[in-house]
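**Q** Supplied structure: input37.cif, mmCIF, C-alpha atoms.
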```
data_data
loop_
_atom_site.label_atom_id
_atom_site.label_comp_id
_atom_site.auth_asym_id
_atom_site.auth_seq_id
_atom_site.Cartn_x
_atom_site.Cartn_y
_atom_site.Cartn_z
CA MET A 120 -19.36 -14.06 -4.86
CA VAL A 121 -19.76 -12.26 -1.49
CA GLU A 122 -20.03 -14.61 1.45
CA ARG A 123 -20.81 -12.15 4.24
CA THR A 124 -21.37 -8.45 4.73
CA PRO A 125 -18.06 -6.65 5.26
CA ARG A 126 -17.61 -4.52 8.34
CA ARG A 127 -18.79 -0.93 8.10
CA VAL A 128 -15.93 1.52 7.60
CA GLU A 129 -16.99 3.36 10.75
CA SER A 130 -16.23 0.29 12.86
CA LEU A 131 -12.59 0.40 11.78
CA THR A 132 -11.71 3.91 12.92
CA ASP A 133 -9.29 2.68 15.58
CA GLN A 134 -7.25 0.71 13.07
CA PRO A 135 -4.25 2.18 11.20
CA GLY A 136 -5.60 1.06 7.83
CA ASN A 137 -8.65 3.30 8.20
CA ALA A 138 -6.43 6.37 8.55
CA TYR A 139 -6.62 6.33 4.75
CA GLN A 140 -10.29 7.27 4.84
CA GLY A 141 -10.56 10.92 3.81
CA VAL A 142 -7.11 11.31 2.24
CA ALA A 143 -7.75 9.83 -1.20
CA ALA A 144 -7.55 13.09 -3.15
CA ALA A 145 -4.19 14.05 -1.62
CA TRP A 146 -2.97 10.50 -2.21
CA ALA A 147 -4.00 10.56 -5.87
CA ASN A 148 -2.17 13.87 -6.40
CA GLY A 149 1.08 12.74 -4.76
CA PRO A 150 1.96 9.22 -3.56
CA ALA A 151 -0.10 7.42 -6.24
CA ALA A 152 2.52 8.02 -8.93
CA MET A 153 5.19 6.17 -6.95
CA TYR A 154 2.89 3.33 -5.99
CA ASP A 155 1.89 2.83 -9.63
CA ARG A 156 5.59 2.48 -10.50
CA ILE A 157 6.15 -0.06 -7.72
CA ALA A 158 3.04 -2.02 -8.73
CA SER A 159 4.46 -2.53 -12.21
CA VAL A 160 7.69 -3.85 -10.69
CA ALA A 161 5.77 -6.28 -8.47
CA ILE A 162 3.51 -7.67 -11.20
CA SER A 163 5.95 -7.87 -14.12
CA PRO A 164 7.63 -11.18 -13.11
CA VAL A 165 4.28 -13.00 -13.00
CA ALA A 166 2.36 -11.04 -15.64
CA ASP A 167 2.25 -13.96 -18.09
CA ARG A 168 0.71 -16.25 -15.48
CA LEU A 169 -1.99 -13.74 -14.57
CA ARG A 170 -3.39 -13.08 -18.03
CA GLY A 171 -7.11 -13.85 -17.89
CA ALA A 172 -6.95 -14.63 -14.16
CA THR A 173 -9.39 -13.26 -11.57
CA VAL A 174 -7.14 -11.63 -8.97
CA LEU A 175 -8.07 -10.21 -5.57
CA ASP A 176 -6.22 -7.00 -4.62
CA VAL A 177 -6.18 -6.85 -0.82
CA GLY A 178 -5.78 -3.36 0.62
CA ALA A 179 -6.21 -1.97 -2.87
CA GLY A 180 -6.22 1.73 -1.99
CA THR A 181 -6.71 3.84 -5.11
CA GLY A 182 -5.84 0.92 -7.35
CA ALA A 183 -2.11 0.85 -8.17
CA LEU A 184 -1.97 -2.94 -8.33
CA CYS A 185 -5.36 -3.09 -10.02
CA ARG A 186 -4.01 -0.93 -12.85
CA ALA A 187 -0.91 -3.11 -13.16
CA LEU A 188 -3.11 -6.22 -13.20
CA ARG A 189 -5.33 -4.74 -15.91
CA GLY A 190 -2.20 -4.04 -17.93
CA ALA A 191 -1.24 -7.71 -17.57
CA GLY A 192 -4.65 -8.82 -18.85
CA ALA A 193 -5.99 -9.94 -15.45
CA ILE A 194 -9.42 -9.23 -13.93
CA PRO A 195 -8.86 -7.37 -10.62
CA ILE A 196 -11.28 -7.35 -7.68
CA ALA A 197 -10.48 -4.70 -5.06
CA VAL A 198 -10.96 -4.81 -1.28
CA ASP A 199 -9.99 -2.03 1.12
CA THR A 200 -11.14 -0.64 4.47
CA SER A 201 -11.39 2.87 3.00
CA ARG A 202 -14.38 3.61 0.79
CA ASP A 203 -12.78 6.99 0.10
CA MET A 204 -9.78 5.32 -1.57
CA LEU A 205 -11.89 2.76 -3.44
CA ASP A 206 -13.97 5.56 -4.95
CA LEU A 207 -10.93 6.62 -6.99
CA ILE A 208 -10.22 3.20 -8.52
CA GLY A 209 -12.63 3.79 -11.37
CA ASP A 210 -12.61 1.04 -13.99
CA ALA A 211 -9.20 -0.31 -12.91
CA ALA A 212 -11.12 -2.93 -10.88
CA ALA A 213 -13.96 -5.07 -12.14
CA HIS A 214 -15.53 -4.79 -8.68
CA ALA A 215 -14.58 -2.99 -5.46
CA LEU A 216 -15.90 -3.39 -1.95
CA VAL A 217 -15.14 -2.38 1.61
CA GLY A 218 -13.75 -5.23 3.68
CA ASP A 219 -11.22 -6.41 6.23
CA MET A 220 -8.04 -8.10 4.99
CA CYS A 221 -8.14 -10.43 7.99
CA ALA A 222 -11.74 -11.48 7.31
CA LEU A 223 -12.12 -11.34 3.55
CA PRO A 224 -15.79 -11.41 2.49
CA PHE A 225 -15.42 -14.25 -0.01
CA THR A 226 -15.78 -18.00 -0.09
CA GLY A 227 -12.69 -20.20 -0.16
CA HIS A 228 -10.80 -20.88 -3.39
CA ARG A 229 -12.71 -18.07 -5.12
CA PHE A 230 -9.76 -16.45 -6.95
CA ASP A 231 -6.95 -17.50 -9.26
CA ALA A 232 -4.50 -15.30 -7.34
CA ALA A 233 -4.32 -12.62 -4.66
CA VAL A 234 -2.02 -9.62 -4.35
CA SER A 235 -1.40 -6.95 -1.73
CA GLY A 236 0.63 -3.76 -1.93
CA PHE A 237 1.95 -2.28 1.33
CA ALA A 238 -1.11 -3.32 3.29
CA ILE A 239 -0.12 -6.38 5.33
CA SER A 240 2.51 -4.30 7.17
CA HIS A 241 -0.32 -2.20 8.66
CA ILE A 242 -1.54 -4.97 10.97
CA GLU A 243 -0.13 -6.66 14.04
CA ALA A 244 -0.06 -10.11 12.44
CA PRO A 245 0.79 -9.94 8.69
CA GLU A 246 0.53 -13.72 8.54
CA ASP A 247 -3.20 -13.44 9.29
CA ALA A 248 -3.77 -11.41 6.12
CA LEU A 249 -1.62 -13.84 4.13
CA SER A 250 -3.63 -16.74 5.60
CA GLU A 251 -6.84 -15.11 4.36
CA MET A 252 -5.30 -14.61 0.93
CA HIS A 253 -4.31 -18.29 1.02
CA ARG A 254 -7.87 -19.24 1.93
CA VAL A 255 -9.56 -17.42 -0.95
CA VAL A 256 -7.10 -18.51 -3.67
CA ARG A 257 -7.52 -21.81 -5.50
CA PRO A 258 -4.90 -24.54 -4.97
CA GLY A 259 -1.80 -23.77 -6.99
CA GLY A 260 -2.67 -20.07 -7.32
CA CYS A 261 -0.27 -17.20 -6.67
CA VAL A 262 -0.10 -15.00 -3.58
CA ILE A 263 1.99 -11.84 -3.97
CA ALA A 264 2.62 -9.11 -1.40
CA CYS A 265 4.83 -6.02 -1.28
CA VAL A 266 6.17 -4.29 1.83
CA PHE A 267 8.77 -1.61 2.36
CA GLY A 268 12.10 -3.04 3.46
CA GLU A 269 14.02 -1.82 6.48
CA ALA A 270 16.13 1.16 5.39
CA PRO A 271 17.44 4.48 6.72
CA ALA A 272 15.20 7.49 6.24
CA GLY A 273 15.89 9.39 3.02
CA ALA A 274 17.01 12.99 2.86
CA SER A 275 13.78 14.17 1.21
CA LYS A 276 11.68 12.62 3.98
CA ASP A 277 13.80 14.30 6.61
CA VAL A 278 13.66 17.79 5.10
CA VAL A 279 9.88 17.72 4.49
CA ASP A 280 9.30 16.40 8.00
CA GLU A 281 11.46 19.21 9.37
CA VAL A 282 9.36 21.84 7.57
CA ALA A 283 6.15 20.14 8.74
CA ARG A 284 7.32 20.30 12.37
CA ASP A 285 8.02 24.02 11.96
CA PHE A 286 4.37 24.46 10.97
CA GLY A 287 3.16 22.54 14.03
CA PHE A 288 2.83 18.99 12.67
CA ARG A 289 3.10 16.05 15.05
CA PRO A 290 2.78 12.51 13.68
CA PRO A 291 -0.42 10.73 14.76
CA HIS A 292 -0.18 7.85 17.19
CA TRP A 293 -1.20 5.29 14.55
CA TYR A 294 1.80 6.29 12.41
CA PHE A 295 4.20 5.89 15.32
CA ARG A 296 2.69 2.45 15.96
CA LEU A 297 3.04 1.56 12.27
CA LYS A 298 6.72 2.49 12.14
CA THR A 299 7.75 1.00 15.47
CA GLY A 300 5.33 -1.90 15.90
CA THR A 301 3.75 -3.29 12.77
CA GLU A 302 6.15 -2.59 9.86
CA PRO A 303 9.06 -4.24 11.72
CA ARG A 304 7.13 -7.53 11.70
CA SER A 305 7.70 -8.01 7.95
CA ASN A 306 10.35 -5.54 6.77
CA THR A 307 13.25 -7.95 6.16
CA PRO A 308 13.36 -10.89 3.75
CA ALA A 309 13.60 -13.34 6.65
CA LEU A 310 10.64 -11.85 8.49
CA LEU A 311 8.46 -11.70 5.38
CA ARG A 312 9.37 -15.28 4.49
CA GLY A 313 8.43 -16.35 8.01
CA CYS A 314 5.02 -14.68 7.66
CA ALA A 315 4.38 -16.47 4.37
CA GLU A 316 5.41 -19.84 5.73
CA SER A 317 3.27 -19.33 8.84
CA ALA A 318 0.35 -18.73 6.47
CA GLY A 319 0.93 -22.12 4.83
CA LEU A 320 2.22 -20.72 1.53
CA VAL A 321 4.84 -22.62 -0.45
CA ASP A 322 7.47 -21.90 -3.11
CA VAL A 323 8.20 -18.68 -1.25
CA ASP A 324 10.53 -16.22 -2.95
CA ILE A 325 11.45 -12.74 -1.72
CA ALA A 326 12.79 -10.18 -4.20
CA ASP A 327 14.70 -7.38 -2.48
CA VAL A 328 14.86 -4.39 -4.84
CA ILE A 329 15.58 -0.68 -4.84
CA VAL A 330 12.87 0.92 -6.95
CA ASP A 331 13.21 4.03 -9.07
CA SER A 332 10.09 5.83 -7.87
CA GLY A 333 9.92 8.17 -10.85
CA LEU A 334 9.78 11.12 -8.43
CA GLU A 335 12.59 13.37 -9.61
CA THR A 336 11.45 16.98 -9.20
CA PRO A 337 11.22 18.81 -5.87
CA GLU A 338 7.54 19.44 -6.58
CA SER A 339 6.70 15.76 -7.13
CA ILE A 340 8.70 14.66 -4.10
CA ALA A 341 7.03 17.24 -1.86
CA ALA A 342 3.60 16.21 -3.20
CA TYR A 343 4.44 12.59 -2.40
CA ARG A 344 5.49 13.31 1.17
CA THR A 345 2.64 15.73 1.94
CA GLY A 346 0.03 13.45 0.36
CA LEU A 347 0.79 10.50 2.63
CA ALA A 348 -1.98 9.48 5.01
CA HIS A 349 -0.29 10.67 8.19
CA VAL A 350 0.52 14.14 6.80
CA ALA A 351 -2.37 14.93 4.43
CA PRO A 352 -4.99 15.68 7.12
CA PHE A 353 -2.59 18.15 8.75
CA VAL A 354 -1.93 19.88 5.42
CA ALA A 355 -5.67 20.07 4.73
CA SER A 356 -6.27 21.64 8.17
CA LEU A 357 -4.00 24.61 7.46
CA PRO A 358 -5.64 27.87 6.33
CA GLY A 359 -5.14 28.50 2.62
CA PRO A 360 -2.23 31.00 2.81
CA GLN A 361 -0.45 28.95 5.48
CA ARG A 362 -0.93 25.79 3.43
CA ALA A 363 0.58 27.46 0.38
CA ALA A 364 3.53 28.69 2.46
CA PHE A 365 4.06 25.19 3.84
CA ILE A 366 4.11 23.62 0.37
CA ASP A 367 6.45 26.32 -0.95
CA ARG A 368 8.88 25.75 1.91
CA ALA A 369 8.70 21.98 1.51
CA VAL A 370 9.50 22.23 -2.20
CA ALA A 371 12.37 24.65 -1.51
CA ALA A 372 13.79 22.36 1.19
CA VAL A 373 13.72 19.35 -1.14
CA ARG A 374 15.34 21.40 -3.90
CA GLU A 375 18.13 22.47 -1.56
CA ARG A 376 18.79 19.32 0.47
CA GLY A 377 16.65 16.47 -0.81
CA GLN A 378 17.35 13.45 -2.97
CA PRO A 379 15.37 11.36 -5.49
CA VAL A 380 13.14 8.81 -3.75
CA ARG A 381 14.47 5.24 -4.11
CA PRO A 382 12.57 2.97 -1.68
CA ARG A 383 13.67 -0.51 -0.75
CA VAL A 384 10.81 -2.86 -1.60
CA LEU A 385 10.39 -6.52 -0.69
CA VAL A 386 8.18 -8.50 -3.08
CA LEU A 387 6.85 -11.81 -1.79
CA SER A 388 5.93 -14.33 -4.48
CA SER A 389 4.41 -17.59 -3.30
CA ARG A 390 1.87 -20.25 -4.09
CA VAL A 391 -1.07 -21.95 -2.42
CA PRO A 392 -0.30 -25.68 -2.07
CA ALA A 393 -1.88 -27.78 -4.82
#
```
I'd like the structure from this file rewritten - as structure tokens, please.

**A**
Amino acid sequence: MVERTPRRVESLTDQPGNAYQGVAAAWANGPAAMYDRIASVAISPVADRLRGATVLDVGAGTGALCRALRGAGAIPIAVDTSRDMLDLIGDAAAHALVGDMCALPFTGHRFDAAVSGFAISHIEAPEDALSEMHRVVRPGGCVIACVFGEAPAGASKDVVDEVARDFGFRPPHWYFRLKTGTEPRSNTPALLRGCAESAGLVDVDIADVIVDSGLETPESIAAYRTGLAHVAPFVASLPGPQRAAFIDRAVAAVRERGQPVRPRVLVLSSRVPA
């Protein structure tokens, strides 16, 4: 199944995707709940077609799409740059390995389908990842990818970020680059469609949806925001009492001024030419 040895995680430390190494526990306790909800939304329209299929999850993280694929009766194979995240997938994936989404360690036409959740927007050329997904999927197979759509910042994000700044947080450079450089390459239906077409995919459809994240309480919303990869290392670096004070203030701020989290999500559905 494996065509070549994937890059070592350590060789990817200058890439935004590897910022997820070391934050898996915080992710599992916060953001994972929302991503599981979004994964179900992404997979449900094609669930019938994926039953029994071997599906590659590119940028799998802790396995949100893998769990949705298992629920649809598919056989997920997970690839991610972060071994830390993959360690938490458990039995959601039939197999998991460290690898680069722009140089997938598999032979061509190996899979019945490929999916990716919020990973292709982390690289300078999303079409390169989609081209790799195209390469490893058999003719006629599905390629599905989710990205966050362009949208104003939500009130809950703003209030948690404000508290974080009061405690000395400054966003890392990779996060600034993600928000200003890489995400804007695929965060509208037209841009995402262009990426898919550049990758040679056909029957391209873009669903533009507002997703109910399932995060309703101030505690769950604060855990989501503080568990994200750009914030979690800062939270972990705080001494215990200061960390507790930060979380308490974040929860209080969300309770007072926040809103339920309703992200705009773009879901690309496409096919490899027969």

**Q** Pick from A:Ala232, A:Val330, A:Ala264, A:Ile208: nearest to A:Ile194, with all atoms listed in the file counted?

**A**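 Distance minimum relative to A:Ile194 lands on A:Ala232.
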
**Q** Pick out the closest residue to A:Met204 from this set: A:Cys185, A:Ala326, A:Val142, A:Ala272. Count only C-alpha atoms.

**A**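 Checking each of A:Cys185, A:Ala326, A:Val142, A:Ala272 against A:Met204, counting only C-alpha atoms, the winner is A:Val142.
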
**Q** So which residues touch A:His253 within 8 Å, counting all atoms listed in the file, skipping near sequence neighbours fewer than 4 positions away, as a CSV table (one decimal) with C-alpha atoms, keeping the file's coordinate frame?

**A**
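The result, stored in result_36.csv:
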```csv
chain,number,residue,atom,x,y,z
A,249,LEU,CA,-1.6,-13.8,4.1
A,262,VAL,CA,-0.1,-15.0,-3.6
A,318,ALA,CA,0.4,-18.7,6.5
A,319,GLY,CA,0.9,-22.1,4.8
A,320,LEU,CA,2.2,-20.7,1.5
A,391,VAL,CA,-1.1,-22.0,-2.4
```

**Q** List the spatial neighbours of A:Glu269 as a list in words - criterion: any atom at most 9 Å away, all atoms listed in the file, same-chain residues fewer than 2 positions off excluded.

**A**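 Near neighbours after the sequence-gap exclusion: Phe267, Pro271, Glu302, Pro303, Ser305, Asn306, Thr307, Arg383 and Val384 of chain A.
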
**Q** Could you save those same residues with C-alpha atoms as a PDB file, keeping the file's coordinate frame?

**A**
```pdb
ATOM      1  CA  PHE A 267       8.770  -1.610   2.360  1.00  0.00           C
ATOM      2  CA  PRO A 271      17.440   4.480   6.720  1.00  0.00           C
ATOM      3  CA  GLU A 302       6.150  -2.590   9.860  1.00  0.00           C
ATOM      4  CA  PRO A 303       9.060  -4.240  11.720  1.00  0.00           C
ATOM      5  CA  SER A 305       7.700  -8.010   7.950  1.00  0.00           C
ATOM      6  CA  ASN A 306      10.350  -5.540   6.770  1.00  0.00           C
ATOM      7  CA  THR A 307      13.250  -7.950   6.160  1.00  0.00           C
ATOM      8  CA  ARG A 383      13.670  -0.510  -0.750  1.00  0.00           C
ATOM      9  CA  VAL A 384      10.810  -2.860  -1.600  1.00  0.00           C
TER      10      VAL A 384
END
```

**Q** What is the atom CA of A:Val321-atom CA of A:Ile157 distance in Å, reported with one decimal?

**A** 23.7 Å

**Q** Applying 12 Å and only C-alpha atoms, which residues near A:Phe365 remain after dropping the ones on its own chain fewer than 2 positions away? List them as a ChimeraX atom specification.

**A** /A:279-288,341-342,345,350,353-363,367-372

**Q** Determine, counting all atoms listed in the file, which protein, DNA and RNA residues have an atom within 12 Å of an atom of stretch 188-193 of chain A; residues of the same chain fewer than 4 positions away are not included. Present the result as a VMD selection string.

**A** chain A and resid 155 158 to 176 179 182 to 184 197 208 210 to 213 230 to 235 263

**Q** With the file shown as input, list the residues that the PyMOL selection byres ((chain A and resi 254) around 9) selects, as a list in words.

**A**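 Applied to this file, the PyMOL selection byres ((chain A and resi 254) around 9) returns Thr226, Gly227, His228, Arg229, Leu249, Ser250, Glu251, Met252, His253, Val255, Val256, Arg257 and Val391 of chain A.
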
**Q** Between A:Pro382, A:Gly346, A:Pro290, A:Pro352, which one has atoms that come closest to A:Ala147, using all atoms listed in the file?

**A**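 Once distances to A:Ala147 are computed over all atoms listed in the file, the minimum belongs to A:Gly346.
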
**Q** Atom CA of A:Leu207 to atom CA of A:Phe237: how many Å, to one decimal?

**A**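 Those two atoms sit 17.7 Å apart.
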